[in-house]
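Here's coords.txt, which has compact mmCIF, C-alpha atoms:
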# COMPACT_ATOMS: atom_id res chain seq x y z
CA MET T 1 -79.19 38.78 -83.94
CA VAL T 2 -78.60 41.10 -86.88
CA GLU T 3 -82.12 40.58 -88.22
CA MET T 4 -83.65 41.28 -84.82
CA ALA T 5 -81.46 44.38 -84.37
CA GLN T 6 -82.52 45.70 -87.80
CA GLU T 7 -86.18 44.94 -87.08
CA HIS T 8 -86.12 46.94 -83.82
CA TYR T 9 -83.89 49.78 -85.05
CA PRO T 10 -83.52 52.54 -83.81
CA ASN T 11 -84.14 50.91 -80.41
CA GLU T 12 -81.93 48.43 -78.59
CA VAL T 13 -83.05 44.81 -78.46
CA GLY T 14 -81.64 41.55 -77.15
CA THR T 15 -82.31 38.11 -75.74
CA SER T 16 -80.63 35.36 -73.76
CA LEU T 17 -78.05 33.12 -75.40
CA VAL T 18 -78.53 29.35 -75.44
CA GLY T 19 -75.61 27.00 -75.76
CA CYS T 20 -73.27 24.56 -74.10
CA TYR T 21 -69.74 24.26 -72.74
CA SER T 22 -67.01 21.82 -73.65
CA ASP T 23 -66.23 19.10 -71.12
CA ASP T 24 -63.14 20.99 -69.92
CA GLY T 25 -65.16 24.23 -69.61
CA PHE T 26 -62.81 26.27 -71.81
CA LYS T 27 -65.07 26.54 -74.87
CA ALA T 28 -68.62 27.77 -75.11
CA SER T 29 -70.86 27.32 -78.12
CA VAL T 30 -73.79 29.65 -78.70
CA LEU T 31 -76.33 27.52 -80.52
CA GLU T 32 -79.50 29.57 -80.51
CA LEU T 33 -81.31 32.55 -79.04
CA ALA T 34 -84.05 32.52 -76.47
CA PRO T 35 -87.25 34.18 -77.65
CA LEU T 36 -87.73 37.90 -77.11
CA SER T 37 -89.85 38.23 -73.97
CA SER T 38 -93.07 40.20 -74.35
CA ASP T 39 -92.15 42.34 -71.33
CA SER T 40 -88.80 43.43 -72.82
CA LYS T 41 -88.38 47.17 -73.38
CA GLY T 42 -85.91 48.94 -75.62
CA SER T 43 -85.15 52.58 -76.36
CA ARG T 44 -82.40 54.25 -78.38
CA THR T 45 -79.94 54.01 -75.49
CA SER T 46 -81.13 51.26 -73.17
CA PHE T 47 -82.61 47.78 -73.08
CA TYR T 48 -84.40 45.81 -70.40
CA ARG T 49 -84.62 42.09 -71.22
CA GLY T 50 -87.89 40.87 -69.79
CA VAL T 51 -88.55 37.50 -68.24
CA ALA T 52 -92.04 36.56 -69.46
CA GLY T 53 -92.03 32.97 -70.71
CA LEU T 54 -88.31 32.36 -70.17
CA ARG T 55 -88.73 29.94 -67.27
CA ASN T 56 -90.93 27.71 -69.45
CA PHE T 57 -88.57 28.09 -72.41
CA PHE T 58 -85.49 27.01 -70.42
CA THR T 59 -87.36 24.21 -68.62
CA LYS T 60 -88.49 22.76 -71.96
CA LEU T 61 -85.00 23.26 -73.42
CA ARG T 62 -83.37 21.36 -70.55
CA LYS T 63 -85.80 18.47 -70.95
CA THR T 64 -85.53 18.37 -74.76
CA PHE T 65 -81.72 18.33 -74.76
CA SER T 66 -81.24 16.39 -71.48
CA GLY T 67 -79.48 19.38 -69.91
CA ARG T 68 -76.92 19.71 -72.74
CA ARG T 69 -78.26 23.14 -73.80
CA HIS T 70 -78.78 25.92 -71.31
CA TYR T 71 -78.36 29.62 -70.58
CA VAL T 72 -74.84 30.90 -71.40
CA GLY T 73 -75.33 34.67 -71.48
CA GLU T 74 -76.95 37.64 -73.17
CA TRP T 75 -76.75 39.68 -76.34
CA HIS T 76 -78.11 43.08 -77.29
CA SER T 77 -77.71 45.77 -79.90
CA HIS T 78 -76.21 49.24 -79.73
CA PRO T 79 -77.94 51.07 -82.61
CA ASP T 80 -75.68 53.71 -84.15
CA GLY T 81 -73.14 52.84 -81.46
CA LYS T 82 -70.02 50.86 -80.72
CA PRO T 83 -70.15 47.28 -79.44
CA ILE T 84 -68.67 48.27 -76.09
CA PRO T 85 -70.39 47.45 -72.79
CA SER T 86 -71.80 50.36 -70.83
CA GLY T 87 -71.35 50.65 -67.08
CA MET T 88 -74.83 49.14 -66.67
CA ASP T 89 -73.93 46.27 -69.03
CA ASN T 90 -70.83 45.54 -66.93
CA HIS T 91 -72.78 45.67 -63.68
CA ASN T 92 -75.62 43.44 -64.93
CA GLN T 93 -73.35 40.79 -66.44
CA LEU T 94 -71.15 40.59 -63.35
CA GLU T 95 -74.27 40.17 -61.21
CA ILE T 96 -75.39 37.27 -63.42
CA ALA T 97 -71.95 35.63 -63.17
CA LYS T 98 -71.98 35.98 -59.37
CA ASP T 99 -75.55 34.67 -58.97
CA ILE T 100 -75.35 31.05 -57.80
CA LYS T 101 -78.98 30.40 -58.89
CA THR T 102 -78.19 31.35 -62.49
CA ASP T 103 -75.36 28.78 -62.54
CA CYS T 104 -73.40 30.73 -65.15
CA PRO T 105 -70.03 31.59 -63.58
CA GLU T 106 -68.66 32.67 -66.97
CA CYS T 107 -71.42 34.68 -68.61
CA ILE T 108 -71.08 35.62 -72.29
CA LEU T 109 -72.12 39.06 -73.55
CA ILE T 110 -72.36 39.77 -77.27
CA ILE T 111 -73.02 43.34 -78.38
CA ILE T 112 -73.65 44.22 -82.00
CA GLY T 113 -73.44 47.80 -83.23
CA GLY T 114 -74.33 49.51 -86.44
CA THR T 115 -77.18 51.05 -88.37
CA ASP T 116 -80.54 49.79 -89.57
CA SER T 117 -78.98 48.58 -92.81
CA ASN T 118 -75.58 47.50 -91.52
CA PHE T 119 -75.07 46.00 -88.05
CA ASP T 120 -71.46 45.10 -88.80
CA LYS T 121 -69.63 45.61 -85.51
CA ILE T 122 -69.43 42.97 -82.78
CA GLY T 123 -67.96 42.79 -79.32
CA VAL T 124 -67.75 39.52 -77.41
CA PHE T 125 -67.03 39.50 -73.69
CA VAL T 126 -67.00 37.01 -70.85
CA TYR T 127 -67.89 38.05 -67.33
CA SER T 128 -66.22 35.69 -64.91
CA ARG T 129 -67.13 35.16 -61.29
CA LYS T 130 -63.38 34.99 -60.58
CA HIS T 131 -61.78 37.28 -63.18
CA GLY T 132 -64.30 40.05 -63.98
CA ARG T 133 -64.73 41.19 -67.59
CA VAL T 134 -62.60 39.63 -70.32
CA MET T 135 -62.84 40.90 -73.91
CA LEU T 136 -62.73 38.03 -76.41
CA TYR T 137 -63.39 39.81 -79.68
CA ASP T 138 -63.72 43.43 -80.75
CA ALA T 139 -64.40 44.01 -84.43
CA ASP T 140 -64.46 47.76 -83.85
CA ARG T 141 -60.67 47.95 -83.69

Any chance you could put this one into C-alpha cells?
Amino acid sequence: MVEMAQEHYPNEVGTSLVGCYSDDGFKASVLELAPLSSDSKGSRTSFYRGVAGLRNFFTKLRKTFSGRRHYVGEWHSHPDGKPIPSGMDNHNQLEIAKDIKTDCPECILIIIGGTDSNFDKIGVFVYSRKHGRVMLYDADR
C-alpha cells in the first residue's frame, strides 16, 4: 500500500482488500491487494476505484483458494492528509456493507496518510451493516 501510495503521489490511489475471516467471524485477515483497475482515477483529493478486470480477478481467486480468500474491503491513500474517512468514504463503505450482493456485512477500510517519502499514518475502520462505522486503529493520535 505504501509503495503504491508513493508511486501515485500526489494523487490518491487504492484497491480492494483480499482476505478471510476467522470461523467465528470476529477476526479478519488482509492477505493481499487486488490489482489497481485500469479505469481507476485519482486526484489530490479524491479517488474512484474502477472495476475493470476485478470480476475476473475475484472469480479466479475464489477458485484458486476454494472460496477461502475473498473481498474484505478497500484501502486508499490521503496524500498530505490524515487517515480519517471523508463523508464520501463513510457513505461508500456503508453502501458496500449494506449491499447483499457484495456479501461483506463488515467492510474494512484502511486509509494511509503522509507524504511522497513518508506515508506513516494509518487509520483502520470497519463499516458494519448493523453498527455503522467502528474505528479499529488510528495512528494519527

Counting only C-alpha atoms, what is within 12 Å of stretch 55-70 of chain T, bar same-chain residues fewer than 5 positions away, as a PDB file with C-alpha atoms, in the coordinates of the input?
ATOM      1  CA  SER T  16     -80.630  35.360 -73.760  1.00  0.00           C
ATOM      2  CA  LEU T  17     -78.050  33.120 -75.400  1.00  0.00           C
ATOM      3  CA  VAL T  18     -78.530  29.350 -75.440  1.00  0.00           C
ATOM      4  CA  GLY T  19     -75.610  27.000 -75.760  1.00  0.00           C
ATOM      5  CA  CYS T  20     -73.270  24.560 -74.100  1.00  0.00           C
ATOM      6  CA  TYR T  21     -69.740  24.260 -72.740  1.00  0.00           C
ATOM      7  CA  SER T  22     -67.010  21.820 -73.650  1.00  0.00           C
ATOM      8  CA  ASP T  23     -66.230  19.100 -71.120  1.00  0.00           C
ATOM      9  CA  ALA T  28     -68.620  27.770 -75.110  1.00  0.00           C
ATOM     10  CA  SER T  29     -70.860  27.320 -78.120  1.00  0.00           C
ATOM     11  CA  VAL T  30     -73.790  29.650 -78.700  1.00  0.00           C
ATOM     12  CA  LEU T  31     -76.330  27.520 -80.520  1.00  0.00           C
ATOM     13  CA  GLU T  32     -79.500  29.570 -80.510  1.00  0.00           C
ATOM     14  CA  LEU T  33     -81.310  32.550 -79.040  1.00  0.00           C
ATOM     15  CA  ALA T  34     -84.050  32.520 -76.470  1.00  0.00           C
ATOM     16  CA  PRO T  35     -87.250  34.180 -77.650  1.00  0.00           C
ATOM     17  CA  LEU T  36     -87.730  37.900 -77.110  1.00  0.00           C
ATOM     18  CA  SER T  37     -89.850  38.230 -73.970  1.00  0.00           C
ATOM     19  CA  GLY T  50     -87.890  40.870 -69.790  1.00  0.00           C
ATOM     20  CA  THR T 102     -78.190  31.350 -62.490  1.00  0.00           C
ATOM     21  CA  ASP T 103     -75.360  28.780 -62.540  1.00  0.00           C
ATOM     22  CA  CYS T 104     -73.400  30.730 -65.150  1.00  0.00           C
ATOM     23  CA  CYS T 107     -71.420  34.680 -68.610  1.00  0.00           C
TER      24      CYS T 107
END

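Here atom CA of T:Phe47 and atom CA of T:Ile96 stand 16.0 Å from one another.
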
Discussion item. Neighbouring residues of T:Gly114 were defined as those with any atom within 10 Å, considering only C-alpha atoms; residues of the same chain fewer than 5 positions away were excluded. Please report them as a ChimeraX atom specification.
Written reply: /T:2,5-6,9,77-83,119-122

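Atom to atom, atom CA of T:Phe125 and atom CA of T:Ile110 stand 6.4 Å apart.
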
Can you tell me, as lines of an AutoDock Vina configuration file, the centre and edge lengths (Å, one decimal) of the axis-aligned box enclosing all of stretch 9-21 of chain T's listed atoms after padding each side by 8 Å?
center_x = -76.9
center_y = 38.4
center_z = -78.9
size_x = 30.4
size_y = 44.3
size_z = 28.3

Using all atoms listed in the file, can you list as a PDB file with C-alpha atoms, in the frame of the given file the residues within 12 Å of (-70.3, 48.7, -69.0)?
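This is the output file point_14.pdb:
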ATOM      1  CA  SER T  46     -81.130  51.260 -73.170  1.00  0.00           C
ATOM      2  CA  LYS T  82     -70.020  50.860 -80.720  1.00  0.00           C
ATOM      3  CA  PRO T  83     -70.150  47.280 -79.440  1.00  0.00           C
ATOM      4  CA  ILE T  84     -68.670  48.270 -76.090  1.00  0.00           C
ATOM      5  CA  PRO T  85     -70.390  47.450 -72.790  1.00  0.00           C
ATOM      6  CA  SER T  86     -71.800  50.360 -70.830  1.00  0.00           C
ATOM      7  CA  GLY T  87     -71.350  50.650 -67.080  1.00  0.00           C
ATOM      8  CA  MET T  88     -74.830  49.140 -66.670  1.00  0.00           C
ATOM      9  CA  ASP T  89     -73.930  46.270 -69.030  1.00  0.00           C
ATOM     10  CA  ASN T  90     -70.830  45.540 -66.930  1.00  0.00           C
ATOM     11  CA  HIS T  91     -72.780  45.670 -63.680  1.00  0.00           C
ATOM     12  CA  ASN T  92     -75.620  43.440 -64.930  1.00  0.00           C
ATOM     13  CA  GLN T  93     -73.350  40.790 -66.440  1.00  0.00           C
ATOM     14  CA  LEU T  94     -71.150  40.590 -63.350  1.00  0.00           C
ATOM     15  CA  LEU T 109     -72.120  39.060 -73.550  1.00  0.00           C
ATOM     16  CA  ILE T 111     -73.020  43.340 -78.380  1.00  0.00           C
ATOM     17  CA  PHE T 125     -67.030  39.500 -73.690  1.00  0.00           C
ATOM     18  CA  TYR T 127     -67.890  38.050 -67.330  1.00  0.00           C
ATOM     19  CA  GLY T 132     -64.300  40.050 -63.980  1.00  0.00           C
ATOM     20  CA  ARG T 133     -64.730  41.190 -67.590  1.00  0.00           C
ATOM     21  CA  VAL T 134     -62.600  39.630 -70.320  1.00  0.00           C
ATOM     22  CA  MET T 135     -62.840  40.900 -73.910  1.00  0.00           C
TER      23      MET T 135
END

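Of the listed residues (T:Gly25, T:Gly14, T:Leu136, T:Lys130), T:Gly14 comes nearest to T:Glu74; the distances count all atoms listed in the file.
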
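Among the candidates T:His8, T:His76, T:Arg49, T:Lys41, the residue lying nearest to T:Gly113 is T:His76 (atoms considered: only C-alpha atoms).
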
Item to complete: Tell me which of T:Thr115, T:Asp99, T:Thr15, T:Glu106 sits closest to T:Arg44, counting only C-alpha atoms.
Response: T:Thr115

Fill in: Nearby residues (only C-alpha atoms) at most 8 Å from T:Ser43, same-chain spacing under 4 positions excluded, as a PyMOL selection string
chain T and resi 10-12+47

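In this model, the gap between atom CA of T:Met4 and atom CA of T:Ile112 comes to 10.8 Å.
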